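Single-structure report; data block below.
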Amino acid sequence: MTDAEWEQLLSSSPREAYEYLIEQYGNLIYAIVINKIGKCGTREDIEDCVSDIMVEFLKNAGNFSSDMGSLKSYISTVAKFRAIDAFRRISGQNNRHYDIDDEDLILPPSESDTENEAENRIFRKNLWDIVRSLGEPDSSIIIYQYFYNRKITEIAKILGMTSGAVQKRSLRARKKIGTILENGEEYE
């Protein structure tokens with residue numbers, strides 16, 4: 001469906017336009033939000049932000065025109081700015097300063113300064129880097145499965161894959177992570 005066709009659908013059947021939007025761009029919006037607030041927000045914060053983005057976009061859908069650019073870039077921009085607002089709000093509530101582009105934020109600061117804790121932090125950072133280096137959709141599968149405790153069927157639905165494919169890719173990705181950790185290989 002072209003952007004102009006979506007505009008026509010919005011005027012004739014807002015519900016169908018909304019369903020198309022969720023189906024077509026839901027994963028994109030989710031990825032943008034996770035990228036911006038996944039370091040400081042909870043799963044509920046992420047879900048709330050995604051919902052807020054969809055509601056805001058639908059309220060202002062009449063402002064979109066295919067003459068302005070693509071629907072994908074428009075909704076991505078709305079998602080990015082709403083996620084940044086949520087990031088600021090969550091950071092303020094936590095009374096902690098986060099840098100939205102800081103890669104080390106996934107590791108909370110330790111209350112103790114022991115050598116063992118430092119080693120654990122380094123290991124978790126390396127593990128996170130390895131998972132991110134797997135490429136798509138493998139890194140998303142592992143993140144959904146082990147960081148967000150999603151079930152295989154949920155992940156399959158989110159990524160538009162079959163449950164069997166998600167399960168096989170997860171198994172291969174975990175084996176690859178294990179091999180990299182065992183052998184100390186580079187993971188670029």
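Chain lettering (A, B, ...) mirrors the order of the structure tokens, residue numbering begins at 1 for each chain separately, and ligand numbering begins at 1 in order of display.
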What are the closest atom pairs, with distances in Å to one decimal, for all residues of range 12-54 of chain A lying within 10 Å of range 145-167 of chain A? Consider only C-alpha atoms, order rows by chain and residue number, and present the result as a tab-separated table.
residue	atom	partner	partner_atom	distance
A:Glu23	CA	A:Ile158	CA	9.6
A:Gly26	CA	A:Ile158	CA	8.5
A:Asn27	CA	A:Ile158	CA	6.7
A:Tyr30	CA	A:Ile158	CA	9.6
A:Thr42	CA	A:Tyr148	CA	9.5
A:Arg43	CA	A:Tyr148	CA	7.3
So which residues touch Glu44 in chain A within 12 Å, counting only C-alpha atoms, skipping near sequence neighbours fewer than 3 positions away, as a list of chain:residue names? A:Val33, A:Ile34, A:Ile37, A:Gly38, A:Cys40, A:Gly41, A:Glu47, A:Asp48, A:Cys49, A:Val50, A:Ser51, A:Ala86, A:Ile90, A:Tyr148
Print the selection's residues with N, CA, C and O atoms to a file, as a compact mmCIF listing (two decimals), in the first residue's frame.
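Okay, this is what ended up in part26.txt:
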# COMPACT_ATOMS: atom_id res chain seq x y z
N VAL A 33 11.71 2.76 20.32
CA VAL A 33 11.49 2.98 21.75
C VAL A 33 12.50 2.20 22.58
O VAL A 33 13.08 2.75 23.53
N ILE A 34 12.73 0.95 22.25
CA ILE A 34 13.72 0.15 22.99
C ILE A 34 15.09 0.80 22.89
O ILE A 34 15.83 0.87 23.87
N ILE A 37 14.76 4.12 25.31
CA ILE A 37 14.48 4.02 26.76
C ILE A 37 14.76 2.65 27.35
O ILE A 37 14.54 2.45 28.54
N GLY A 38 15.23 1.72 26.55
CA GLY A 38 15.49 0.37 27.06
C GLY A 38 16.55 0.34 28.14
O GLY A 38 16.58 -0.57 28.96
N CYS A 40 16.95 2.63 30.60
CA CYS A 40 16.53 3.17 31.89
C CYS A 40 15.08 2.84 32.23
O CYS A 40 14.66 3.02 33.36
N GLY A 41 14.31 2.35 31.26
CA GLY A 41 12.90 2.09 31.49
C GLY A 41 12.60 0.62 31.67
O GLY A 41 13.41 -0.25 31.33
N GLU A 47 6.17 -0.40 26.73
CA GLU A 47 4.82 -0.64 26.20
C GLU A 47 3.97 0.63 26.24
O GLU A 47 3.26 0.94 25.28
N ASP A 48 4.06 1.38 27.35
CA ASP A 48 3.30 2.63 27.47
C ASP A 48 3.73 3.64 26.40
O ASP A 48 2.89 4.31 25.80
N CYS A 49 5.01 3.73 26.19
CA CYS A 49 5.52 4.68 25.21
C CYS A 49 5.07 4.31 23.80
O CYS A 49 4.66 5.18 23.02
N VAL A 50 5.12 3.03 23.47
CA VAL A 50 4.65 2.59 22.14
C VAL A 50 3.18 2.93 21.97
O VAL A 50 2.76 3.45 20.92
N SER A 51 2.39 2.68 23.00
CA SER A 51 0.96 3.00 22.93
C SER A 51 0.74 4.50 22.78
O SER A 51 -0.10 4.94 21.98
N ALA A 86 9.94 10.43 26.74
CA ALA A 86 9.77 9.39 27.77
C ALA A 86 11.08 9.12 28.49
O ALA A 86 11.11 8.94 29.71
N ILE A 90 11.51 9.44 32.47
CA ILE A 90 11.94 8.28 33.27
C ILE A 90 13.24 8.60 33.99
O ILE A 90 13.40 8.27 35.17
N TYR A 148 13.78 -9.76 27.87
CA TYR A 148 12.38 -9.39 28.08
C TYR A 148 11.50 -10.60 28.40
O TYR A 148 10.29 -10.45 28.50
Nearest residue to Lys39 in chain A out of A:Phe87, A:Phe123, A:Tyr20, A:Trp128, using only C-alpha atoms? A:Phe87
Please determine, counting only C-alpha atoms, which residue among A:Tyr144, A:Ile53, A:Asp129, A:Lys175 has the shortest atom-to-atom distance to Thr77 in chain A.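 Under the stated criterion, the closest residue is A:Ile53.
Of note, CA of Ala79 in chain A and CA of Ile32 in chain A are spaced 6.7 Å apart.
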Would you please work out which residue, of A:Leu58, A:Ile84, A:Leu10, A:Ala173, is nearest to Asp138 in chain A when using only C-alpha atoms?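 So, comparing all the options, the nearest one is A:Ala173.
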Using only C-alpha atoms, which residues sit within 10 Å of Gln24 in chain A once same-chain residues fewer than 5 positions away are excluded, as a list in words?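 Within the cut-off, the hits are Met1, Tyr18, Glu19, Ile29 and Lys72 of chain A.
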Could you write those residues out with N, CA, C and O atoms, as a PDB file, in the first residue's frame?
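File written: again-v1.pdb
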ATOM      1  N   MET A   1       0.845  -1.173   0.000  1.00  0.00           N
ATOM      2  CA  MET A   1       0.000   0.000   0.000  1.00  0.00           C
ATOM      3  C   MET A   1       0.896   1.243   0.000  1.00  0.00           C
ATOM      4  O   MET A   1       1.832   1.339   0.789  1.00  0.00           O
ATOM      5  N   TYR A  18      -5.546   2.233  10.984  1.00  0.00           N
ATOM      6  CA  TYR A  18      -4.843   2.003  12.240  1.00  0.00           C
ATOM      7  C   TYR A  18      -4.272   0.580  12.284  1.00  0.00           C
ATOM      8  O   TYR A  18      -3.118   0.375  12.655  1.00  0.00           O
ATOM      9  N   GLU A  19      -5.069  -0.400  11.889  1.00  0.00           N
ATOM     10  CA  GLU A  19      -4.610  -1.787  11.878  1.00  0.00           C
ATOM     11  C   GLU A  19      -3.427  -1.971  10.926  1.00  0.00           C
ATOM     12  O   GLU A  19      -2.465  -2.674  11.235  1.00  0.00           O
ATOM     13  N   ILE A  29       8.413   0.965  15.448  1.00  0.00           N
ATOM     14  CA  ILE A  29       8.173   1.842  16.594  1.00  0.00           C
ATOM     15  C   ILE A  29       8.740   1.197  17.862  1.00  0.00           C
ATOM     16  O   ILE A  29       9.417   1.852  18.655  1.00  0.00           O
ATOM     17  N   LYS A  72       6.602   6.198   6.638  1.00  0.00           N
ATOM     18  CA  LYS A  72       7.581   5.542   7.502  1.00  0.00           C
ATOM     19  C   LYS A  72       8.477   6.572   8.187  1.00  0.00           C
ATOM     20  O   LYS A  72       8.707   6.495   9.391  1.00  0.00           O
TER      21      LYS A  72
END
From the set A:Ser91, A:Asp67, A:Ser139, A:Tyr74, which residue has the shortest atom-to-atom contact distance to Lys176 in chain A, counting only C-alpha atoms?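 Ranking A:Ser91, A:Asp67, A:Ser139, A:Tyr74 by distance to Lys176 in chain A, first place goes to A:Ser139.
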Just asking: which residues within range 8-157 of chain A are alpha helix (DSSP H) according to DSSP, as a ChimeraX atom specification? /A:8-12,14-37,43-59,71-93,115-133,138-142,152-157
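Picture a line from CA of Phe81 in chain A to CA of Ser66 in chain A; it runs 20.2 Å.
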